[in-house]
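J.: Contents of start.cif (mmCIF, C-alpha atoms) are given next:
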```cif
data_model
loop_
_atom_site.label_atom_id
_atom_site.label_comp_id
_atom_site.auth_asym_id
_atom_site.auth_seq_id
_atom_site.Cartn_x
_atom_site.Cartn_y
_atom_site.Cartn_z
CA MET A 1 27.17 -28.30 -18.82
CA SER A 2 27.58 -32.05 -18.25
CA ASN A 3 24.67 -34.20 -17.19
CA ARG A 4 26.57 -35.14 -14.03
CA ARG A 5 27.03 -31.48 -13.09
CA LYS A 6 23.36 -30.73 -13.77
CA ALA A 7 22.37 -33.69 -11.61
CA LEU A 8 24.57 -32.49 -8.76
CA GLN A 9 23.11 -29.00 -8.96
CA TRP A 10 19.55 -30.27 -8.94
CA SER A 11 20.41 -32.60 -6.07
CA ALA A 12 21.81 -29.69 -4.07
CA PHE A 13 18.72 -27.59 -4.86
CA PHE A 14 16.38 -30.40 -3.78
CA VAL A 15 18.25 -30.94 -0.51
CA ALA A 16 18.18 -27.21 0.25
CA TRP A 17 14.46 -27.10 -0.51
CA MET A 18 13.76 -30.07 1.75
CA LEU A 19 15.79 -28.52 4.55
CA ALA A 20 13.76 -25.32 4.22
CA LEU A 21 10.43 -27.08 4.71
CA PRO A 22 10.65 -27.56 8.49
CA SER A 23 11.52 -23.90 8.97
CA GLN A 24 8.54 -22.86 6.81
CA ALA A 25 6.23 -25.15 8.78
CA GLN A 26 7.69 -23.87 12.02
CA ALA A 27 7.15 -20.28 10.93
CA ARG A 28 3.54 -21.06 10.05
CA ASP A 29 2.97 -22.78 13.39
CA GLU A 30 4.44 -19.81 15.23
CA LEU A 31 2.22 -17.38 13.34
CA CYS A 32 -0.87 -19.45 14.12
CA ALA A 33 -0.03 -20.56 17.67
CA MET A 34 -2.95 -20.60 20.08
CA PRO A 35 -2.86 -17.63 22.48
CA SER A 36 -3.18 -18.22 26.20
CA GLY A 37 -6.51 -18.35 27.95
CA ALA A 38 -8.19 -21.02 25.81
CA GLN A 39 -11.37 -22.61 27.15
CA PRO A 40 -13.05 -25.82 25.94
CA VAL A 41 -16.34 -25.25 24.10
CA VAL A 42 -18.83 -27.22 22.02
CA SER A 43 -20.60 -25.95 18.92
CA GLN A 44 -24.38 -26.13 18.85
CA ARG A 45 -25.21 -24.57 15.48
CA VAL A 46 -23.38 -22.81 12.67
CA THR A 47 -25.10 -19.61 11.56
CA ASP A 48 -22.90 -18.75 8.57
CA GLY A 49 -19.28 -18.94 7.45
CA ASP A 50 -17.94 -16.84 10.32
CA THR A 51 -20.55 -17.15 13.09
CA LEU A 52 -21.83 -19.95 15.31
CA ARG A 53 -23.69 -20.60 18.54
CA LEU A 54 -22.15 -22.62 21.36
CA GLN A 55 -23.91 -25.08 23.62
CA ASP A 56 -23.43 -22.65 26.52
CA GLY A 57 -25.64 -20.17 24.65
CA ARG A 58 -22.99 -17.75 23.46
CA ARG A 59 -22.97 -16.52 19.89
CA VAL A 60 -19.41 -16.35 18.55
CA ARG A 61 -18.20 -14.11 15.74
CA LEU A 62 -14.86 -15.46 14.53
CA ILE A 63 -12.02 -12.95 14.64
CA GLY A 64 -9.92 -12.34 11.55
CA ILE A 65 -12.26 -13.58 8.83
CA ASN A 66 -15.20 -12.13 6.96
CA ALA A 67 -17.14 -14.80 5.08
CA PRO A 68 -19.51 -14.01 2.19
CA GLU A 69 -23.01 -13.06 3.35
CA LEU A 70 -25.94 -15.45 3.25
CA GLY A 71 -29.06 -14.16 1.54
CA ARG A 72 -31.68 -12.64 3.84
CA ASN A 73 -34.95 -10.76 3.41
CA GLY A 74 -35.32 -11.95 -0.15
CA LYS A 75 -31.76 -11.09 -1.17
CA PRO A 76 -29.59 -13.78 -2.79
CA SER A 77 -26.54 -15.18 -1.02
CA GLU A 78 -23.14 -13.90 -2.06
CA PRO A 79 -20.92 -16.35 -3.98
CA TYR A 80 -19.42 -19.01 -1.68
CA ALA A 81 -21.60 -18.02 1.29
CA GLN A 82 -23.20 -21.47 1.48
CA ALA A 83 -19.86 -23.16 0.86
CA ALA A 84 -18.27 -21.17 3.70
CA LYS A 85 -21.07 -22.20 6.07
CA ARG A 86 -20.62 -25.86 5.12
CA ALA A 87 -16.84 -25.57 5.55
CA LEU A 88 -17.19 -24.18 9.07
CA GLN A 89 -19.78 -26.84 9.87
CA ALA A 90 -17.35 -29.56 8.82
CA LEU A 91 -14.63 -28.10 11.06
CA VAL A 92 -16.75 -27.95 14.22
CA ASP A 93 -19.13 -30.93 13.96
CA GLY A 94 -18.41 -33.40 16.76
CA GLN A 95 -15.01 -31.84 17.41
CA PRO A 96 -13.54 -30.73 20.74
CA LEU A 97 -12.92 -27.01 20.34
CA GLN A 98 -10.93 -24.36 22.17
CA LEU A 99 -12.08 -20.73 22.29
CA VAL A 100 -9.81 -17.75 22.93
CA THR A 101 -11.70 -14.47 23.29
CA GLY A 102 -10.26 -11.31 21.80
CA ASP A 103 -8.83 -8.32 23.63
CA GLU A 104 -12.16 -6.76 22.73
CA ALA A 105 -14.38 -9.60 23.88
CA THR A 106 -17.79 -8.64 22.45
CA ASP A 107 -19.20 -6.67 19.54
CA ARG A 108 -22.07 -4.22 19.38
CA TYR A 109 -24.50 -7.10 18.77
CA GLY A 110 -23.50 -8.83 22.00
CA ARG A 111 -21.65 -11.62 20.22
CA THR A 112 -18.46 -13.05 21.68
CA LEU A 113 -15.44 -12.18 19.55
CA GLY A 114 -13.06 -15.11 19.52
CA TYR A 115 -10.58 -17.42 17.85
CA LEU A 116 -11.44 -21.12 17.56
CA PHE A 117 -8.97 -24.00 17.56
CA ASP A 118 -9.49 -27.70 16.91
CA GLN A 119 -8.22 -30.61 19.01
CA ARG A 120 -4.83 -30.42 17.26
CA GLY A 121 -4.50 -26.76 18.24
CA GLU A 122 -4.97 -25.56 14.65
CA ASN A 123 -6.81 -22.31 14.07
CA LEU A 124 -10.20 -22.66 12.36
CA GLU A 125 -10.20 -19.18 10.83
CA ALA A 126 -6.88 -19.91 9.12
CA GLN A 127 -8.23 -23.20 7.78
CA LEU A 128 -11.26 -21.44 6.30
CA LEU A 129 -9.12 -18.70 4.77
CA ALA A 130 -6.75 -21.29 3.29
CA GLN A 131 -9.76 -22.84 1.51
CA GLY A 132 -10.77 -19.48 0.05
CA MET A 133 -13.90 -19.29 2.19
CA GLY A 134 -13.49 -15.68 3.30
CA TYR A 135 -11.35 -12.57 3.54
CA ALA A 136 -8.73 -11.84 6.17
CA VAL A 137 -9.75 -8.79 8.19
CA ALA A 138 -8.01 -6.85 10.97
CA ILE A 139 -9.98 -4.82 13.49
CA PRO A 140 -7.89 -3.43 16.35
CA PRO A 141 -7.34 -4.40 19.10
CA ASN A 142 -8.04 -8.01 18.04
CA LEU A 143 -4.84 -8.56 16.07
CA ALA A 144 -3.22 -11.59 17.74
CA LEU A 145 -3.40 -13.80 14.62
CA ILE A 146 -3.54 -11.27 11.79
CA ASN A 147 -0.24 -12.42 10.24
CA CYS A 148 -1.48 -16.03 10.35
CA HIS A 149 -4.74 -15.08 8.68
CA VAL A 150 -3.14 -12.91 5.99
CA ALA A 151 -0.74 -15.74 5.10
CA ALA A 152 -3.59 -18.28 4.92
CA GLU A 153 -5.61 -16.02 2.63
CA GLN A 154 -2.60 -15.38 0.41
CA ALA A 155 -2.07 -19.13 -0.03
CA ALA A 156 -5.68 -19.50 -1.21
CA ARG A 157 -5.37 -16.48 -3.46
CA ASP A 158 -2.17 -17.77 -5.05
CA ALA A 159 -3.82 -21.17 -5.65
CA ARG A 160 -7.09 -19.55 -6.86
CA LEU A 161 -9.20 -21.48 -4.37
CA GLY A 162 -12.77 -20.75 -3.40
CA LEU A 163 -13.81 -17.16 -3.92
CA TRP A 164 -10.35 -16.38 -5.36
CA GLN A 165 -11.18 -18.35 -8.52
CA ALA A 166 -12.65 -15.07 -9.75
CA PRO A 167 -11.25 -12.34 -7.48
CA PRO A 168 -14.20 -10.12 -6.47
CA VAL A 169 -12.38 -6.80 -6.82
CA VAL A 170 -14.45 -3.75 -7.77
CA ALA A 171 -13.10 -0.63 -9.51
CA VAL A 172 -13.69 2.46 -7.37
CA ASP A 173 -15.45 4.36 -10.14
CA THR A 174 -18.05 1.56 -10.43
CA LEU A 175 -19.04 1.51 -6.73
CA ARG A 176 -22.78 1.44 -6.23
CA ARG A 177 -23.22 0.11 -2.67
CA GLY A 178 -21.61 0.03 0.75
CA GLY A 179 -20.78 -2.96 2.90
CA PHE A 180 -17.70 -5.15 2.79
CA GLN A 181 -15.82 -4.75 -0.49
CA LEU A 182 -12.48 -5.24 -2.19
CA VAL A 183 -11.84 -2.20 -4.34
CA GLN A 184 -9.11 -0.89 -6.62
CA GLY A 185 -8.39 2.70 -7.43
CA LYS A 186 -5.81 5.46 -7.76
CA VAL A 187 -5.03 8.03 -5.07
CA SER A 188 -5.92 11.57 -6.13
CA ALA A 189 -5.27 13.59 -2.96
CA VAL A 190 -4.01 13.34 0.64
CA ASN A 191 -5.27 15.89 3.17
CA THR A 192 -5.08 16.37 6.94
CA ALA A 193 -7.89 17.73 9.10
CA GLY A 194 -6.92 17.87 12.76
CA THR A 195 -5.87 14.38 13.86
CA THR A 196 -7.56 12.73 10.86
CA LEU A 197 -5.92 11.99 7.53
CA TRP A 198 -8.08 11.73 4.42
CA VAL A 199 -6.92 9.92 1.27
CA ASP A 200 -9.18 10.53 -1.72
CA LEU A 201 -9.34 8.13 -4.64
CA ASP A 202 -10.38 8.78 -8.22
CA GLY A 203 -14.07 8.05 -7.88
CA PRO A 204 -16.60 8.20 -5.04
CA LEU A 205 -14.35 6.88 -2.22
CA THR A 206 -12.30 8.48 0.53
CA LEU A 207 -10.12 6.70 3.11
CA ARG A 208 -10.05 7.79 6.73
CA PHE A 209 -6.93 7.30 8.87
CA THR A 210 -6.91 8.39 12.53
CA ALA A 211 -4.02 9.20 14.85
CA ALA A 212 -5.23 6.49 17.25
CA ASP A 213 -4.14 3.78 14.78
CA ARG A 214 -0.95 5.40 13.51
CA ALA A 215 1.37 3.22 15.62
CA LEU A 216 0.21 0.18 13.63
CA PHE A 217 1.52 1.64 10.35
CA SER A 218 5.20 1.61 9.41
CA VAL A 219 4.37 4.00 6.54
CA TRP A 220 1.83 6.80 6.95
CA PRO A 221 0.16 8.25 3.84
CA ASP A 222 1.53 11.53 2.49
CA ASP A 223 1.64 13.39 -0.82
CA SER A 224 3.93 10.73 -2.30
CA TRP A 225 0.87 8.45 -2.38
CA VAL A 226 -0.83 10.57 -5.05
CA GLY A 227 -0.99 8.55 -8.26
CA ARG A 228 -0.52 5.19 -6.52
CA ARG A 229 -2.84 2.34 -7.42
CA LEU A 230 -4.20 0.54 -4.38
CA GLU A 231 -6.35 -2.45 -3.55
CA LEU A 232 -8.35 -1.84 -0.39
CA ARG A 233 -10.66 -3.89 1.77
CA GLY A 234 -13.16 -3.24 4.51
CA TRP A 235 -16.67 -2.08 5.23
CA LEU A 236 -17.58 0.91 3.08
CA LEU A 237 -19.92 3.46 4.63
CA ASP A 238 -22.46 4.79 2.14
CA ARG A 239 -23.02 8.38 3.25
CA GLN A 240 -26.29 8.56 1.32
CA ASN A 241 -27.72 6.10 3.85
CA TRP A 242 -26.09 7.67 6.92
CA GLY A 243 -27.25 11.21 7.40
CA GLY A 244 -26.91 12.25 3.80
CA GLN A 245 -24.00 13.08 1.53
CA ARG A 246 -22.69 16.60 1.98
CA PRO A 247 -21.94 18.59 -1.20
CA GLY A 248 -18.34 18.16 -2.32
CA PHE A 249 -17.84 14.99 -0.25
CA ARG A 250 -17.36 11.54 -1.71
CA ARG A 251 -20.27 9.16 -1.33
CA PHE A 252 -18.31 6.28 0.22
CA MET A 253 -15.88 6.25 3.14
CA LEU A 254 -13.59 3.49 4.36
CA ASN A 255 -11.98 3.53 7.80
CA VAL A 256 -8.45 2.17 7.36
CA ARG A 257 -7.29 0.89 10.74
CA HIS A 258 -4.60 -1.64 9.81
CA PRO A 259 -1.98 -1.95 7.04
CA SER A 260 -3.43 -5.30 5.93
CA GLN A 261 -6.37 -3.35 4.46
CA ILE A 262 -4.06 -1.89 1.81
CA ARG A 263 -2.25 -3.63 -1.04
CA ARG A 264 -0.08 -1.53 -3.33
CA LEU A 265 -0.55 -2.38 -7.01
CA PRO A 266 1.90 -1.99 -9.87
CA ALA A 267 1.74 1.24 -11.81
CA GLU A 268 -0.26 1.09 -15.02
#
```
Show how you would write the structure in this file as structure tokens.
T.:
Amino acid sequence: MSNRRKALQWSAFFVAWMLALPSQAQARDELCAMPSGAQPVVSQRVTDGDTLRLQDGRRVRLIGINAPELGRNGKPSEPYAQAAKRALQALVDGQPLQLVTGDEATDRYGRTLGYLFDQRGENLEAQLLAQGMGYAVAIPPNLALINCHVAAEQAARDARLGLWQAPPVVAVDTLRRGGFQLVQGKVSAVNTAGTTLWVDLDGPLTLRFTAADRALFSVWPDDSWVGRRLELRGWLLDRQNWGGQRPGFRRFMLNVRHPSQIRRLPAE
């Protein structure tokens, strides 16, 4: 191929790439657009990487992100917990902020559940996720920005930023504790009990799907899932600490309420 022809092809590729950039930016802006009902607020104090107190006294738990936990009661902080707190502090210090509360406006601790936006209208949770300062999480019905948050996390994961420098994924058969986890394992069985679907993994973990959330899933688990390797995320319930583990039941349970909690992995 002549040098001239190569140059023309590369020129055409570059022009096409440049023309695609506005549409990509536009798509991102649409995913992360501020919902209606925003109210101006001022931060008083950042508690950790996903929680802060406002000057009006409200405690706000940011929707769509779970930051690593700070150490308490003598326990060490999780990796990047302090960095996530500092990152949120930098985003809110001295900045005019806009708060949009979720469809579910408070949690069981009385905290306000909300999305925060800066003076440019950019979402703070997405900015934290794009730095690798937390995990994208979806808890119905607060799903307005889930696609924005998943995309921001994926960008950080692809670039190996923050906590994605060493992806904290745990093999199911090595699970020793509950709480928020990223786990990998292979499906061993799919069973239905009334309106609940149970997906067992090789190891001490079962997944719980309920009919109430089925409309959110384009694909519902069935026997074809047996043998699939999955990456899962969410808060694992340790049955040994919650009423005891019944004989024949797996120690850990994960409520799967949104498709973003599941990532299908290549076969081994």
J.: Near A:Leu91, within 10 Å and counting all atoms listed in the file, which residues show up once chain neighbours fewer than 5 positions away are dropped, as a PyMOL selection string?
T.: chain A and resi 86+97+117-118+124-125+127-128
J.: Please report the interatomic distance between atom CA of A:Arg176 and atom CA of A:Pro68 in Å with one decimal.
T.: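 Taking atom CA of A:Arg176 as the start and atom CA of A:Pro68 as the end point, the length is 17.9 Å.
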J.: Can you tell me how far atom CA of A:Gly64 sits from atom CA of A:Pro40, in Å to one decimal?
T.: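 We find that atom CA of A:Gly64 and atom CA of A:Pro40 lie 20.0 Å from each other.
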J.: Can you tell me which residues surround stretch 144-153 of chain A at a distance of at most 9 Å, considering all atoms listed in the file, apart from same-chain residues fewer than 6 positions away, and format the answer as a CSV table (one decimal) with C-alpha atoms, keeping the file's coordinate frame?
T.:
```csv
chain,number,residue,atom,x,y,z
A,28,ARG,CA,3.5,-21.1,10.0
A,29,ASP,CA,3.0,-22.8,13.4
A,30,GLU,CA,4.4,-19.8,15.2
A,31,LEU,CA,2.2,-17.4,13.3
A,32,CYS,CA,-0.9,-19.4,14.1
A,33,ALA,CA,0.0,-20.6,17.7
A,34,MET,CA,-3.0,-20.6,20.1
A,35,PRO,CA,-2.9,-17.6,22.5
A,63,ILE,CA,-12.0,-13.0,14.6
A,64,GLY,CA,-9.9,-12.3,11.6
A,65,ILE,CA,-12.3,-13.6,8.8
A,102,GLY,CA,-10.3,-11.3,21.8
A,103,ASP,CA,-8.8,-8.3,23.6
A,115,TYR,CA,-10.6,-17.4,17.8
A,125,GLU,CA,-10.2,-19.2,10.8
A,126,ALA,CA,-6.9,-19.9,9.1
A,127,GLN,CA,-8.2,-23.2,7.8
A,128,LEU,CA,-11.3,-21.4,6.3
A,129,LEU,CA,-9.1,-18.7,4.8
A,130,ALA,CA,-6.8,-21.3,3.3
A,131,GLN,CA,-9.8,-22.8,1.5
A,132,GLY,CA,-10.8,-19.5,0.0
A,133,MET,CA,-13.9,-19.3,2.2
A,134,GLY,CA,-13.5,-15.7,3.3
A,135,TYR,CA,-11.4,-12.6,3.5
A,136,ALA,CA,-8.7,-11.8,6.2
A,137,VAL,CA,-9.8,-8.8,8.2
A,138,ALA,CA,-8.0,-6.8,11.0
A,260,SER,CA,-3.4,-5.3,5.9
```
J.: Take the PyMOL selection byres ((chain A and resi 204) around 6), run it mentally on this structure, and tell me the resulting residues as a PyMOL selection string.
T.: chain A and resi 203+205+250-252
J.: Let me see the file: selected residues, C-alpha atoms, as a CSV table (one decimal), keeping the file's coordinate frame.
T.:
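The file below, out-v7.csv, is the result:
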```csv
chain,number,residue,atom,x,y,z
A,203,GLY,CA,-14.1,8.0,-7.9
A,205,LEU,CA,-14.4,6.9,-2.2
A,250,ARG,CA,-17.4,11.5,-1.7
A,251,ARG,CA,-20.3,9.2,-1.3
A,252,PHE,CA,-18.3,6.3,0.2
```
J.: For A:Arg233, find every residue with an atom within 8 Å (counting all atoms listed in the file), except residues of its own chain fewer than 4 positions away, and show them as a ChimeraX atom specification.
T.: /A:180-183,261-262
J.: Would you mind exporting C-alpha atoms of the selected residues as a CSV table (one decimal), in the frame of the given file?
T.:
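Saved as out_2.csv:
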```csv
chain,number,residue,atom,x,y,z
A,180,PHE,CA,-17.7,-5.2,2.8
A,181,GLN,CA,-15.8,-4.8,-0.5
A,182,LEU,CA,-12.5,-5.2,-2.2
A,183,VAL,CA,-11.8,-2.2,-4.3
A,261,GLN,CA,-6.4,-3.4,4.5
A,262,ILE,CA,-4.1,-1.9,1.8
```
J.: Taking only C-alpha atoms into account, which of A:Val187, A:Val172, A:Leu237, A:Val60 comes nearest A:Val41?
T.: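 Answer, going by the shortest atom-to-atom distance: A:Val60.
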J.: Could you check how far atom CA of A:Asn66 sits from atom CA of A:Leu254, in Å to one decimal?
T.: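 Rounded to one decimal, the two atoms are 15.9 Å apart.
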J.: Check which residues satisfy the PyMOL selection byres ((chain A and resi 214) around 12) in the file shown, then give them as a PyMOL selection string.
T.: chain A and resi 140+195-197+208-213+215-221+256-259
J.: Given the choices A:Ala81, A:Ala38, A:Ala155, A:Leu113, which gets closest to A:Arg61 if the distance is worked out from only C-alpha atoms?
T.: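 Using only C-alpha atoms, the shortest distance to A:Arg61 belongs to A:Leu113.
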J.: With a distance cut-off of 6 Å and all atoms listed in the file, select the neighbouring residues of A:Ala189, excluding the residue or stretch itself and same-chain residues fewer than 6 positions from it, and output the selection as a list in words.
T.: Val199, Asp200 and Val226 of chain A
J.: Taking into account all atoms listed in the file, which residue in the set A:Ala87, A:Leu99, A:Val169, A:Leu54 is nearest to A:Ala67?
T.: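 Of all the options, A:Ala87 lies closest to A:Ala67.
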J.: Got a sec: who's within 7 Å of A:Leu230, counting only C-alpha atoms, leaving out chain neighbours fewer than 3 positions off, as a list in words?
T.: Gln184, Gly185, Lys186, Ile262, Arg263, Arg264 and Leu265 of chain A
J.: I need the residue nearest A:Gln39 from this list: A:Gly114, A:Pro141, A:Gly94, A:Pro168. Use all atoms listed in the file for the distance.
T.: A:Gly114
J.: Go through A:Arg177, A:Gln44, A:Gln165, A:Arg58 one by one, measure the shortest atom-to-atom distance of each to A:Tyr109 using all atoms listed in the file, and give the residue with the smallest value.
T.: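 Checking each of A:Arg177, A:Gln44, A:Gln165, A:Arg58 against A:Tyr109, counting all atoms listed in the file, the winner is A:Arg58.
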J.: With distances taken over all atoms listed in the file, which of A:Gly121, A:Trp225, A:Gln82, A:Asn142 is nearest to A:Asp107?
T.: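 Looking at the shortest contact to A:Asp107, the residue is A:Asn142.
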